[in-house]
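K.L.:
Contents of my_file_15.cif (mmCIF, C-alpha atoms and all ligand atoms) are given next:
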data_final
loop_
_atom_site.label_atom_id
_atom_site.label_comp_id
_atom_site.auth_asym_id
_atom_site.auth_seq_id
_atom_site.Cartn_x
_atom_site.Cartn_y
_atom_site.Cartn_z
CA MET A 13 -41.58 -28.80 28.57
CA SER A 14 -40.12 -30.43 31.70
CA THR A 15 -42.29 -33.20 33.16
CA PRO A 16 -45.65 -31.48 33.70
CA ILE A 17 -46.87 -31.03 37.28
CA LEU A 18 -50.44 -31.17 35.97
CA GLN A 19 -51.80 -33.02 32.95
CA VAL A 20 -55.41 -32.53 31.99
CA SER A 21 -56.81 -34.67 29.19
CA ASN A 22 -60.17 -34.23 27.47
CA LEU A 23 -61.82 -32.88 30.59
CA THR A 24 -65.58 -32.42 30.28
CA LYS A 25 -68.35 -31.43 32.69
CA ARG A 26 -72.01 -31.42 31.74
CA PHE A 27 -74.92 -30.17 33.83
CA GLY A 28 -77.96 -31.64 32.14
CA GLY A 29 -78.01 -29.97 28.74
CA VAL A 30 -75.24 -27.46 29.56
CA THR A 31 -71.65 -28.40 28.77
CA ALA A 32 -69.78 -26.16 31.22
CA VAL A 33 -66.34 -27.56 30.33
CA SER A 34 -65.85 -29.23 27.00
CA ASP A 35 -62.93 -31.49 26.13
CA VAL A 36 -60.16 -29.35 27.65
CA SER A 37 -56.60 -30.71 27.48
CA LEU A 38 -53.64 -28.93 29.01
CA ASP A 39 -50.16 -29.56 30.44
CA VAL A 40 -48.80 -27.23 33.12
CA ALA A 41 -45.07 -27.03 33.82
CA PRO A 42 -43.72 -26.88 37.37
CA THR A 43 -43.28 -23.28 38.66
CA GLU A 44 -45.31 -21.93 35.73
CA THR A 45 -48.02 -19.30 36.28
CA LEU A 46 -50.87 -20.02 33.92
CA ALA A 47 -53.81 -17.65 33.63
CA ILE A 48 -57.23 -18.91 32.60
CA ILE A 49 -59.37 -16.21 31.05
CA GLY A 50 -62.65 -16.10 29.19
CA PRO A 51 -66.01 -14.34 29.28
CA ASN A 52 -68.48 -14.95 32.12
CA GLY A 53 -69.78 -18.49 32.01
CA ALA A 54 -66.80 -19.75 29.97
CA GLY A 55 -66.25 -22.60 32.42
CA LYS A 56 -63.28 -21.37 34.47
CA THR A 57 -64.70 -22.03 37.94
CA THR A 58 -66.13 -25.37 36.84
CA PHE A 59 -62.66 -26.31 35.58
CA TYR A 60 -61.25 -25.48 39.05
CA ASN A 61 -64.05 -27.38 40.75
CA MET A 62 -62.95 -30.52 38.95
CA LEU A 63 -59.22 -29.97 39.61
CA SER A 64 -59.89 -29.48 43.32
CA GLY A 65 -62.34 -32.38 43.63
CA ARG A 66 -65.49 -30.38 44.34
CA MET A 67 -67.05 -31.72 41.17
CA THR A 68 -66.57 -35.07 39.49
CA PRO A 69 -65.82 -34.75 35.78
CA THR A 70 -68.31 -36.20 33.31
CA SER A 71 -65.28 -37.53 31.44
CA GLY A 72 -61.57 -36.94 31.08
CA LEU A 73 -58.45 -37.35 33.18
CA ILE A 74 -56.57 -35.19 35.71
CA VAL A 75 -53.03 -36.24 36.60
CA PHE A 76 -51.07 -34.37 39.29
CA GLU A 77 -47.37 -35.18 39.72
CA GLY A 78 -47.89 -38.39 37.81
CA GLN A 79 -50.84 -39.54 39.92
CA ASP A 80 -54.39 -39.87 38.62
CA ILE A 81 -56.51 -37.62 40.87
CA THR A 82 -59.66 -37.63 38.73
CA GLY A 83 -62.74 -37.66 40.96
CA LEU A 84 -60.85 -37.86 44.28
CA PRO A 85 -62.52 -35.97 47.16
CA PRO A 86 -61.27 -32.43 47.94
CA HIS A 87 -59.43 -33.32 51.17
CA ARG A 88 -57.38 -36.01 49.42
CA ILE A 89 -56.48 -33.71 46.55
CA SER A 90 -55.55 -30.98 49.00
CA ARG A 91 -53.28 -33.34 50.95
CA LEU A 92 -51.56 -34.35 47.73
CA GLY A 93 -50.57 -30.71 47.23
CA VAL A 94 -53.31 -28.92 45.29
CA SER A 95 -55.00 -26.02 47.06
CA ARG A 96 -57.47 -23.40 45.89
CA SER A 97 -59.00 -20.11 46.82
CA PHE A 98 -62.62 -19.31 46.08
CA GLN A 99 -64.19 -16.64 43.90
CA ILE A 100 -66.11 -15.63 47.01
CA ASN A 101 -64.21 -15.03 50.21
CA ASN A 102 -64.30 -17.88 52.69
CA ILE A 103 -62.52 -17.37 55.97
CA PHE A 104 -63.73 -17.66 59.58
CA THR A 105 -64.83 -14.11 60.40
CA GLU A 106 -65.10 -14.68 64.17
CA MET A 107 -61.52 -15.89 64.49
CA THR A 108 -58.40 -13.78 64.37
CA VAL A 109 -56.26 -13.71 61.27
CA ARG A 110 -53.63 -15.86 62.96
CA GLU A 111 -56.24 -18.38 64.15
CA ASN A 112 -57.49 -18.76 60.59
CA VAL A 113 -53.97 -19.69 59.48
CA GLU A 114 -53.49 -22.01 62.49
CA VAL A 115 -56.64 -23.95 61.65
CA ALA A 116 -55.42 -24.38 58.08
CA LEU A 117 -52.00 -25.52 59.32
CA THR A 118 -53.48 -28.16 61.61
CA ALA A 119 -55.77 -29.32 58.78
CA LEU A 120 -52.59 -30.43 57.05
CA THR A 121 -52.05 -33.10 59.67
CA GLY A 122 -55.75 -33.96 59.81
CA ASP A 123 -56.01 -32.40 63.27
CA SER A 124 -58.16 -29.35 62.64
CA ARG A 125 -60.75 -30.39 65.20
CA LYS A 126 -57.97 -30.58 67.76
CA TRP A 127 -57.17 -26.95 67.10
CA PHE A 128 -60.26 -25.99 69.06
CA ASN A 129 -58.68 -27.63 72.08
CA VAL A 130 -56.49 -24.84 73.49
CA ALA A 131 -53.86 -27.31 74.71
CA SER A 132 -53.08 -28.36 71.15
CA ARG A 133 -52.43 -24.80 69.96
CA ASN A 134 -48.77 -25.44 70.33
CA GLY A 135 -45.67 -23.41 69.70
CA PRO A 136 -44.66 -24.88 66.33
CA VAL A 137 -48.09 -24.20 64.78
CA GLN A 138 -48.08 -20.64 66.08
CA ASP A 139 -44.53 -20.10 64.84
CA LYS A 140 -45.44 -21.41 61.41
CA ALA A 141 -48.53 -19.19 61.30
CA ASP A 142 -46.44 -16.17 62.26
CA ALA A 143 -43.83 -16.98 59.61
CA LEU A 144 -46.52 -17.27 56.94
CA LEU A 145 -48.20 -14.02 57.99
CA ASP A 146 -44.81 -12.35 57.90
CA GLN A 147 -44.14 -13.69 54.39
CA LEU A 148 -47.45 -12.18 53.26
CA SER A 149 -46.86 -8.89 55.11
CA LEU A 150 -49.91 -9.55 57.31
CA SER A 151 -48.22 -9.67 60.72
CA HIS A 152 -49.76 -6.37 61.81
CA LEU A 153 -53.23 -7.98 61.45
CA ALA A 154 -52.43 -11.26 63.26
CA HIS A 155 -54.62 -10.51 66.28
CA GLN A 156 -57.45 -8.74 64.46
CA ARG A 157 -60.74 -10.54 64.05
CA ALA A 158 -60.86 -11.63 60.39
CA GLY A 159 -64.37 -10.22 60.02
CA VAL A 160 -63.30 -6.62 60.62
CA ILE A 161 -60.29 -6.25 58.32
CA SER A 162 -60.57 -4.70 54.84
CA TYR A 163 -61.86 -6.71 51.90
CA GLY A 164 -58.42 -6.68 50.27
CA ASP A 165 -56.78 -7.96 53.45
CA LYS A 166 -59.42 -10.71 53.78
CA ARG A 167 -58.46 -11.96 50.36
CA LEU A 168 -54.80 -11.92 51.36
CA VAL A 169 -55.65 -13.94 54.48
CA GLU A 170 -57.42 -16.37 52.21
CA ILE A 171 -54.19 -16.78 50.24
CA ALA A 172 -52.35 -17.34 53.54
CA VAL A 173 -54.87 -20.09 54.38
CA VAL A 174 -54.32 -21.65 50.94
CA LEU A 175 -50.53 -21.60 51.41
CA ALA A 176 -50.77 -23.07 54.92
CA THR A 177 -51.65 -26.43 53.39
CA GLU A 178 -48.21 -26.41 51.72
CA PRO A 179 -49.50 -26.80 48.18
CA ARG A 180 -47.30 -27.15 45.14
CA LEU A 181 -50.17 -26.31 42.80
CA VAL A 182 -52.22 -23.26 43.80
CA LEU A 183 -55.52 -22.41 42.10
CA LEU A 184 -56.61 -18.80 42.55
CA ASP A 185 -60.12 -17.90 41.41
CA GLU A 186 -60.30 -14.17 40.61
CA PRO A 187 -57.95 -13.17 43.43
CA THR A 188 -58.29 -9.44 42.68
CA ALA A 189 -62.04 -9.30 42.04
CA GLY A 190 -63.59 -6.29 43.77
CA MET A 191 -60.24 -4.89 44.89
CA THR A 192 -59.01 -1.32 44.72
CA PRO A 193 -56.04 -0.66 42.40
CA SER A 194 -53.62 -0.62 45.33
CA GLU A 195 -55.01 -3.88 46.77
CA THR A 196 -54.75 -5.40 43.28
CA ARG A 197 -51.11 -4.35 43.09
CA GLN A 198 -50.49 -5.93 46.50
CA VAL A 199 -51.89 -9.28 45.32
CA THR A 200 -50.03 -9.12 42.02
CA ASP A 201 -46.73 -8.39 43.79
CA LEU A 202 -47.38 -11.19 46.26
CA VAL A 203 -48.10 -13.81 43.59
CA LYS A 204 -45.04 -12.70 41.66
CA ARG A 205 -42.88 -12.93 44.76
CA LEU A 206 -44.24 -16.39 45.64
CA SER A 207 -43.81 -17.57 42.06
CA GLU A 208 -40.18 -16.48 42.06
CA THR A 209 -39.43 -18.71 45.05
CA GLY A 210 -39.83 -21.66 42.64
CA GLN A 211 -41.99 -23.47 45.22
CA TYR A 212 -45.34 -22.94 43.56
CA THR A 213 -47.18 -23.47 40.32
CA PHE A 214 -50.13 -21.10 39.92
CA LEU A 215 -53.33 -21.29 37.96
CA ILE A 216 -55.14 -17.95 38.07
CA THR A 217 -58.53 -17.01 36.67
CA GLU A 218 -58.83 -13.28 36.30
CA HIS A 219 -60.89 -10.68 34.47
CA ASP A 220 -58.31 -7.90 34.98
CA MET A 221 -56.08 -8.13 31.91
CA ASN A 222 -53.33 -6.01 33.50
CA VAL A 223 -53.00 -8.65 36.21
CA VAL A 224 -53.07 -11.44 33.64
CA PHE A 225 -50.38 -9.94 31.43
CA ASP A 226 -48.30 -8.99 34.44
CA LEU A 227 -48.24 -12.49 35.97
CA ALA A 228 -48.89 -15.15 33.38
CA HIS A 229 -46.21 -17.14 31.60
CA ARG A 230 -48.96 -18.64 29.45
CA ILE A 231 -52.66 -17.98 29.05
CA LEU A 232 -55.51 -20.38 28.36
CA VAL A 233 -58.52 -18.67 26.80
CA MET A 234 -61.76 -20.53 27.48
CA HIS A 235 -64.91 -19.88 25.53
CA ARG A 236 -68.22 -21.67 25.98
CA GLY A 237 -66.51 -24.43 27.94
CA GLY A 238 -63.85 -25.14 25.35
CA SER A 239 -60.17 -24.27 25.11
CA LEU A 240 -60.01 -21.55 22.46
CA VAL A 241 -56.34 -20.52 22.51
CA LEU A 242 -53.37 -21.54 24.66
CA GLY A 243 -50.21 -19.51 24.31
CA THR A 244 -47.84 -16.87 25.59
CA PRO A 245 -49.28 -13.46 26.49
CA ASP A 246 -48.06 -12.07 23.15
CA GLU A 247 -49.62 -14.92 21.19
CA VAL A 248 -52.92 -14.47 22.98
CA LYS A 249 -52.90 -10.68 22.68
CA GLY A 250 -52.59 -10.81 18.92
CA HIS A 251 -54.97 -13.70 18.35
CA PRO A 252 -58.05 -12.81 16.28
CA ASP A 253 -60.22 -15.52 17.90
CA VAL A 254 -59.65 -14.02 21.35
CA ARG A 255 -60.94 -10.61 20.34
CA LYS A 256 -63.90 -12.32 18.77
CA ALA A 257 -64.67 -14.32 21.92
CA TYR A 258 -64.87 -11.13 23.97
CA LEU A 259 -66.31 -8.74 21.40
CA GLY A 260 -67.17 -10.69 18.27
CA GLU A 261 -70.53 -12.09 19.23
CA GLU A 262 -71.83 -8.60 19.90
CA SER A 263 -70.44 -7.16 16.69
CA GLU A 264 -71.68 -10.14 14.68
CA GLU A 265 -75.14 -9.55 16.08
CA ASN A 266 -74.87 -5.86 15.31
CA ALA A 267 -73.76 -6.61 11.80
CA ALA A 268 -76.65 -9.00 11.21
N1 LIG A 301 -73.66 -26.35 39.54
C1 LIG A 301 -74.06 -25.99 38.30
N2 LIG A 301 -75.22 -26.44 37.78
C2 LIG A 301 -75.62 -26.09 36.55
N3 LIG A 301 -74.92 -25.31 35.73
C3 LIG A 301 -73.77 -24.81 36.18
C4 LIG A 301 -73.27 -25.12 37.49
N4 LIG A 301 -72.07 -24.50 37.66
C5 LIG A 301 -71.83 -23.83 36.52
N5 LIG A 301 -72.84 -24.01 35.62
C6 LIG A 301 -72.91 -23.45 34.25
O1 LIG A 301 -71.70 -23.78 33.61
C7 LIG A 301 -71.25 -22.71 32.81
C8 LIG A 301 -69.84 -22.30 33.24
O2 LIG A 301 -69.90 -21.67 34.51
P1 LIG A 301 -68.61 -21.24 35.33
O3 LIG A 301 -69.07 -20.74 36.65
O4 LIG A 301 -67.64 -22.36 35.33
O5 LIG A 301 -68.04 -20.03 34.46
P2 LIG A 301 -66.87 -18.99 34.77
O6 LIG A 301 -65.98 -18.98 33.58
O7 LIG A 301 -66.25 -19.28 36.09
O8 LIG A 301 -67.69 -17.62 34.83
P3 LIG A 301 -67.37 -16.27 35.69
O9 LIG A 301 -66.34 -15.51 34.86
O10 LIG A 301 -68.69 -15.56 35.67
O11 LIG A 301 -66.91 -16.65 37.04
C9 LIG A 301 -72.29 -21.61 32.93
O12 LIG A 301 -73.18 -21.72 31.84
C10 LIG A 301 -72.95 -21.91 34.24
O13 LIG A 301 -74.27 -21.45 34.25
MG MG A 302 -65.99 -18.20 37.82
#
Hey, can you dump this file as structure tokens for me?
P.N.:
Amino acid sequence: MSTPILQVSNLTKRFGGVTAVSDVSLDVAPTETLAIIGPNGAGKTTFYNMLSGRMTPTSGLIVFEGQDITGLPPHRISRLGVSRSFQINNIFTEMTVRENVEVALTALTGDSRKWFNVASRNGPVQDKADALLDQLSLSHLAHQRAGVISYGDKRLVEIAVVLATEPRLVLLDEPTAGMTPSETRQVTDLVKRLSETGQYTFLITEHDMNVVFDLAHRILVMHRGGSLVLGTPDEVKGHPDVRKAYLGEESEENAA
């Protein structure tokens, strides 16, 4: 592997008696798309929460582009080039789509409070916002209030907001959850298109296996906080432990 963009070593997060993430180690190559899958409660979101700085690991190390980012606050990690979307939509519903992207763009320079001052909503920021909306085929929604657009479009705006911070590592948490098949296809196509620019490395958690197999170069299967299998889609598809993680517990119980 070329020098990894992300190196995770022995990452662990405990909540009292619950070990949500248990001793996970992983290298991610630049421009790779890596899917993280696993049953509900496997630890995927908790893993993201540590990568993005929302939660401090109990132990372990996170290195991004050679720099130790373990336990840094979210805004520092985001400025270093790691940005994430949330499992639950989080955009400003009272603002227009373009304003949402503008706020995210000014956050990059630490000026987001200034955005609310009309005078600072300058040409370059608006131009950048328009270019980003165009790239994501969202231009037709630029002046709509974000609260009134479709659920699928809201999630696309959220991706626009994530990209506005100019990340090199993008963490998407269930980007197609709750979407119609055509919205899902839109997101899948978008991620593929962005990935092919060579500008981004993606981590994606996803329950829709069609999306996973369509996008992922490699797949990490998490189970009960641990890393169960890490491999190519074909390796993961044929792996007996993976089937067991999803189905085995039930059938073992049935057999007992
Ligand atoms: N803040 C918290 N406090 C206590 N326990 C937590 C907390 N966050 C997560 N957990 C527990 O950690 C485990 C992993 O949860 P997590 O949300 O990371 O799973 P997940 O793989 O993202 O699941 P899903 O597929 O449902 O989104 C679960 O047992 C969960 O109950
Ligand atoms: Mg989750």
K.L.:
Please identify all polymer residues within 12 Å of segment 69-80 of chain A, counting all atoms listed in the file, omitting same-chain residues fewer than 6 positions from it, and present them as a VMD selection string.
P.N.:
chain A and resid 14 to 28 30 to 42 58 to 63 88 to 94 179 to 181 213
K.L.:
Hey, can I get the axis-aligned box for ligand LIG 301 (chain A)? All listed atoms, 6 Å padding on each side, centre and edge lengths in Å to one decimal, as JSON.
P.N.:
{"center_x": -70.8, "center_y": -21.0, "center_z": 35.7, "size_x": 21.6, "size_y": 22.9, "size_z": 19.7}
K.L.:
Using all atoms listed in the file, which residues sit within 8 Å of Glu218 of chain A once same-chain residues fewer than 4 positions away are excluded, as a short mmCIF file (atom, residue, chain, number, x, y, z; two decimals) with C-alpha atoms, keeping the file's coordinate frame?
P.N.:
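As written to disk, result_33.cif reads:
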data_model
loop_
_atom_site.label_atom_id
_atom_site.label_comp_id
_atom_site.auth_asym_id
_atom_site.auth_seq_id
_atom_site.Cartn_x
_atom_site.Cartn_y
_atom_site.Cartn_z
CA ALA A 47 -53.81 -17.65 33.63
CA ILE A 48 -57.23 -18.91 32.60
CA ILE A 49 -59.37 -16.21 31.05
CA ASP A 185 -60.12 -17.90 41.41
CA GLU A 186 -60.30 -14.17 40.61
CA PRO A 187 -57.95 -13.17 43.43
CA THR A 188 -58.29 -9.44 42.68
CA ALA A 189 -62.04 -9.30 42.04
CA VAL A 223 -53.00 -8.65 36.21
CA VAL A 224 -53.07 -11.44 33.64
#
K.L.:
Residues contacting ligand MG 302 (chain A) - anything with an atom at most 8 Å away, using only C-alpha atoms and all ligand atoms - can you give me those as a list in words?
P.N.:
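Final answer, ordered by chain and number: Asn52, Gly53, Gly55, Lys56, Thr57, Thr58, Gln99, Asp185, Glu186 and Thr217 of chain A.
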K.L.:
So how far away is atom CA of Glu170 of chain A from atom O12 of ligand LIG 301 (chain A), in Å?
P.N.:
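We find that atom O12 of ligand LIG 301 (chain A) and atom CA of Glu170 of chain A lie 26.3 Å from each other.
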K.L.:
Using only C-alpha atoms, can you list as a PyMOL selection string the residues within 12 Å of (-46.0, -26.7, 52.4)?
P.N.:
chain A and resi 90-95+116-121+140-141+144+172-182+211-212
K.L.:
Counting only C-alpha atoms, figure out which residue out of A:Ala257, A:Ile161, A:Val115, A:Leu215 gets nearest to Thr43 of chain A.
P.N.:
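For Thr43 of chain A, the nearest of the candidates is A:Leu215.
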K.L.:
In terms of the shortest atom-to-atom distance over all atoms listed in the file, which of A:Thr45, A:Ser207, A:Ser239, A:Thr244 is closest to ligand LIG 301 (chain A)?
P.N.:
A:Ser239
K.L.:
Tell me which of A:Thr68, A:Pro85, A:Arg197, A:Gly243 sits closest to ligand LIG 301 (chain A), counting all atoms listed in the file.
P.N.:
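Checking each of A:Thr68, A:Pro85, A:Arg197, A:Gly243 against ligand LIG 301 (chain A), counting all atoms listed in the file, the winner is A:Thr68.
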K.L.:
Looking at all atoms listed in the file, which of A:Val203, A:Leu232, A:Ile171, A:Leu148 is the one that sits closest to ligand LIG 301 (chain A)?
P.N.:
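Using all atoms listed in the file, the shortest distance to ligand LIG 301 (chain A) belongs to A:Leu232.
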K.L.:
Kindly indicate which residue among A:His235, A:Lys204, A:His152, A:His251 lies nearest to ligand LIG 301 (chain A), using all atoms listed in the file for the distances.
P.N.:
A:His235
K.L.:
Please, what distance in Å, to one decimal, runs between atom CA of Leu184 of chain A and atom CA of Gly29 of chain A?
P.N.:
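If I compute the distance from atom CA of Leu184 of chain A to atom CA of Gly29 of chain A, I get 27.8 Å.
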K.L.:
Between atom CA of Arg205 of chain A and atom O5 of ligand LIG 301 (chain A), what is the spacing in Å?
P.N.:
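Taking atom O5 of ligand LIG 301 (chain A) as the start and atom CA of Arg205 of chain A as the end point, the length is 28.1 Å.
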K.L.:
Using only C-alpha atoms and all ligand atoms, which of A:His219, A:Val248, A:Val241, A:Pro193 sits nearest ligand LIG 301 (chain A)?
P.N.:
A:His219
K.L.:
(-57.6, -9.0, 53.5) in this file's frame - what residues fall within 12 Å of it? Use all atoms listed in the file and give the answer as number ranges by chain.
P.N.:
A: 101-103, 105, 108-109, 145, 148-154, 156-173, 187-188, 190-192, 195-196, 198-199
K.L.:
Near Ala54 of chain A, within 7 Å and counting all atoms listed in the file, which residues show up once chain neighbours fewer than 5 positions away are dropped, as an mmCIF file with C-alpha atoms, keeping the file's coordinate frame?
P.N.:
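The resulting selection_0.cif:
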data_model
loop_
_atom_site.group_PDB
_atom_site.id
_atom_site.type_symbol
_atom_site.label_atom_id
_atom_site.label_comp_id
_atom_site.auth_asym_id
_atom_site.auth_seq_id
_atom_site.Cartn_x
_atom_site.Cartn_y
_atom_site.Cartn_z
ATOM 1 C CA MET A 234 -61.760 -20.530 27.480
ATOM 2 C CA HIS A 235 -64.910 -19.880 25.530
ATOM 3 C CA ARG A 236 -68.220 -21.670 25.980
ATOM 4 C CA GLY A 237 -66.510 -24.430 27.940
#
